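Have a look at work.pdb; it's PDB, C-alpha atoms:
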ATOM      1  CA  MET A   1      41.456-100.669 157.936  1.00  0.00           C
ATOM      2  CA  PRO A   2      39.983-103.591 156.057  1.00  0.00           C
ATOM      3  CA  ASN A   3      36.998-104.990 157.928  1.00  0.00           C
ATOM      4  CA  ASP A   4      38.068-108.618 157.541  1.00  0.00           C
ATOM      5  CA  LEU A   5      41.568-108.054 158.982  1.00  0.00           C
ATOM      6  CA  ALA A   6      40.994-105.407 161.664  1.00  0.00           C
ATOM      7  CA  TYR A   7      40.679-106.158 165.362  1.00  0.00           C
ATOM      8  CA  SER A   8      37.668-103.914 165.762  1.00  0.00           C
ATOM      9  CA  GLU A   9      36.131-104.474 169.163  1.00  0.00           C
ATOM     10  CA  THR A  10      34.663-101.337 170.661  1.00  0.00           C
ATOM     11  CA  CYS A  11      36.435-101.517 174.022  1.00  0.00           C
ATOM     12  CA  ALA A  12      39.806-102.337 172.448  1.00  0.00           C
ATOM     13  CA  SER A  13      39.435 -99.390 170.093  1.00  0.00           C
ATOM     14  CA  ILE A  14      38.631 -96.976 172.894  1.00  0.00           C
ATOM     15  CA  GLY A  15      41.649 -98.305 174.802  1.00  0.00           C
ATOM     16  CA  LEU A  16      43.803 -97.668 171.732  1.00  0.00           C
ATOM     17  CA  ILE A  17      42.549 -94.079 171.582  1.00  0.00           C
ATOM     18  CA  PHE A  18      43.525 -93.539 175.236  1.00  0.00           C
ATOM     19  CA  PHE A  19      46.962 -95.051 174.585  1.00  0.00           C
ATOM     20  CA  ALA A  20      47.521 -92.960 171.463  1.00  0.00           C
ATOM     21  CA  LYS A  21      46.461 -89.817 173.344  1.00  0.00           C
ATOM     22  CA  LYS A  22      49.059 -90.457 176.043  1.00  0.00           C
ATOM     23  CA  MET A  23      51.743 -91.176 173.439  1.00  0.00           C
ATOM     24  CA  LEU A  24      50.816 -87.965 171.609  1.00  0.00           C
ATOM     25  CA  GLU A  25      51.192 -86.001 174.851  1.00  0.00           C
ATOM     26  CA  ILE A  26      54.594 -87.592 175.546  1.00  0.00           C
ATOM     27  CA  THR A  27      56.141 -87.432 172.071  1.00  0.00           C
ATOM     28  CA  ALA A  28      54.161 -84.751 170.180  1.00  0.00           C
ATOM     29  CA  ASP A  29      54.357 -87.049 167.120  1.00  0.00           C
ATOM     30  CA  SER A  30      51.397 -86.598 164.759  1.00  0.00           C
ATOM     31  CA  LYS A  31      51.263 -90.312 163.908  1.00  0.00           C
ATOM     32  CA  TYR A  32      49.460 -90.875 167.218  1.00  0.00           C
ATOM     33  CA  ALA A  33      46.824 -88.289 166.303  1.00  0.00           C
ATOM     34  CA  ASN A  34      46.378 -90.143 163.008  1.00  0.00           C
ATOM     35  CA  VAL A  35      45.813 -93.403 164.898  1.00  0.00           C
ATOM     36  CA  MET A  36      43.218 -91.736 167.124  1.00  0.00           C
ATOM     37  CA  GLU A  37      41.360 -90.341 164.121  1.00  0.00           C
ATOM     38  CA  ARG A  38      41.442 -93.630 162.202  1.00  0.00           C
ATOM     39  CA  VAL A  39      40.148 -95.626 165.170  1.00  0.00           C
ATOM     40  CA  LEU A  40      37.441 -93.077 165.950  1.00  0.00           C
ATOM     41  CA  TYR A  41      36.050 -93.044 162.419  1.00  0.00           C
ATOM     42  CA  ASN A  42      36.527 -96.720 161.535  1.00  0.00           C
ATOM     43  CA  THR A  43      35.461 -98.446 164.737  1.00  0.00           C
ATOM     44  CA  VAL A  44      34.062 -96.284 167.504  1.00  0.00           C
ATOM     45  CA  LEU A  45      31.542 -94.363 165.404  1.00  0.00           C
ATOM     46  CA  ALA A  46      30.453 -97.578 163.680  1.00  0.00           C
ATOM     47  CA  SER A  47      29.852 -99.217 167.056  1.00  0.00           C
ATOM     48  CA  VAL A  48      27.156 -96.791 168.242  1.00  0.00           C
ATOM     49  CA  SER A  49      23.576 -96.993 167.020  1.00  0.00           C
ATOM     50  CA  SER A  50      22.211 -94.056 165.067  1.00  0.00           C
ATOM     51  CA  ASP A  51      20.002 -92.987 167.991  1.00  0.00           C
ATOM     52  CA  GLY A  52      22.949 -93.224 170.432  1.00  0.00           C
ATOM     53  CA  LYS A  53      21.103 -95.551 172.824  1.00  0.00           C
ATOM     54  CA  ALA A  54      22.925 -98.804 172.047  1.00  0.00           C
ATOM     55  CA  PHE A  55      26.377 -99.964 171.068  1.00  0.00           C
ATOM     56  CA  PHE A  56      27.849-103.047 169.453  1.00  0.00           C
ATOM     57  CA  TYR A  57      30.756-105.003 170.906  1.00  0.00           C
ATOM     58  CA  THR A  58      32.092-106.064 167.525  1.00  0.00           C
ATOM     59  CA  ASN A  59      32.429-103.923 164.449  1.00  0.00           C
ATOM     60  CA  PRO A  60      29.043-104.118 162.666  1.00  0.00           C
ATOM     61  CA  LEU A  61      30.804-103.652 159.321  1.00  0.00           C
ATOM     62  CA  GLU A  62      32.391-107.103 159.764  1.00  0.00           C
ATOM     63  CA  VAL A  63      29.297-108.961 161.004  1.00  0.00           C
ATOM     64  CA  LEU A  64      27.267-110.841 158.426  1.00  0.00           C
ATOM     65  CA  PRO A  65      23.604-109.793 158.844  1.00  0.00           C
ATOM     66  CA  GLU A  66      22.321-113.349 158.285  1.00  0.00           C
ATOM     67  CA  ALA A  67      24.583-114.761 161.008  1.00  0.00           C
ATOM     68  CA  ALA A  68      23.714-111.978 163.445  1.00  0.00           C
ATOM     69  CA  LYS A  69      19.998-112.579 162.919  1.00  0.00           C
ATOM     70  CA  LYS A  70      20.368-116.314 163.617  1.00  0.00           C
ATOM     71  CA  ILE A  71      22.309-115.613 166.811  1.00  0.00           C
ATOM     72  CA  GLN A  72      19.693-113.090 167.941  1.00  0.00           C
ATOM     73  CA  GLU A  73      16.878-115.584 167.288  1.00  0.00           C
ATOM     74  CA  LYS A  74      18.651-118.214 169.406  1.00  0.00           C
ATOM     75  CA  GLY A  75      18.978-115.746 172.245  1.00  0.00           C
ATOM     76  CA  THR A  76      22.740-116.137 172.650  1.00  0.00           C
TER
END
For this file, write the structure as structure tokens.
Amino acid sequence: MPNDLAYSETCASIGLIFFAKKMLEITADSKYANVMERVLYNTVLASVSSDGKAFFYTNPLEVLPEAAKKIQEKGT
């Protein structure tokens, strides 16, 4: 998924995985397994810090580091 076009919020992605899992159980269609894999690798894994102690609400691949730093400095 291209970072600038994807809706890549962590909670929405996890919800999509749960939905795709249920659809896979109902239909046994492999396209739902493909969706689960794509979401897991493109969004969920990117949303967890490398030490596993923090997570990001938005996809960090889409966030501009300069903008994120300014927001963090403001405290919002």
**OP:** Report as a list in words the full result of the PyMOL selection byres ((chain A and resi 11-13) around 8) when it is applied to this structure.
**Re:**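 Residues picked by the PyMOL selection byres ((chain A and resi 11-13) around 8): Ser8, Glu9, Thr10, Ile14, Gly15, Leu16, Ile17, Val39, Leu40, Thr43, Val44 and Tyr57 of chain A.
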**OP:** Please measure the separation of atom CA of Ala20 of chain A and atom CA of Glu37 of chain A, giving the value in Å to one decimal.
**Re:**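 Computed distance, atom CA of Ala20 of chain A to atom CA of Glu37 of chain A, equals 9.9 Å.
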Original post:
What is the distance between atom CA of Gly52 of chain A and atom CA of Glu66 of chain A, in Å to one decimal?
Top reply: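 These two atoms are separated by 23.5 Å.
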Original post:
What is the distance, in Å and to one decimal place, between atom CA of Lys21 of chain A and atom CA of Asp51 of chain A?
Top reply: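 Result for atom CA of Lys21 of chain A versus atom CA of Asp51 of chain A: 27.2 Å, one decimal.
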What are the centre and edge lengths in Å, to one decimal, of the axis-aligned box around all listed atoms of segment 34-51 of chain A with 8 Å added on each side, as AutoDock Vina command-line options?
--center_x 33.2 --center_y -94.7 --center_z 164.9 --size_x 42.4 --size_y 25.1 --size_z 22.7
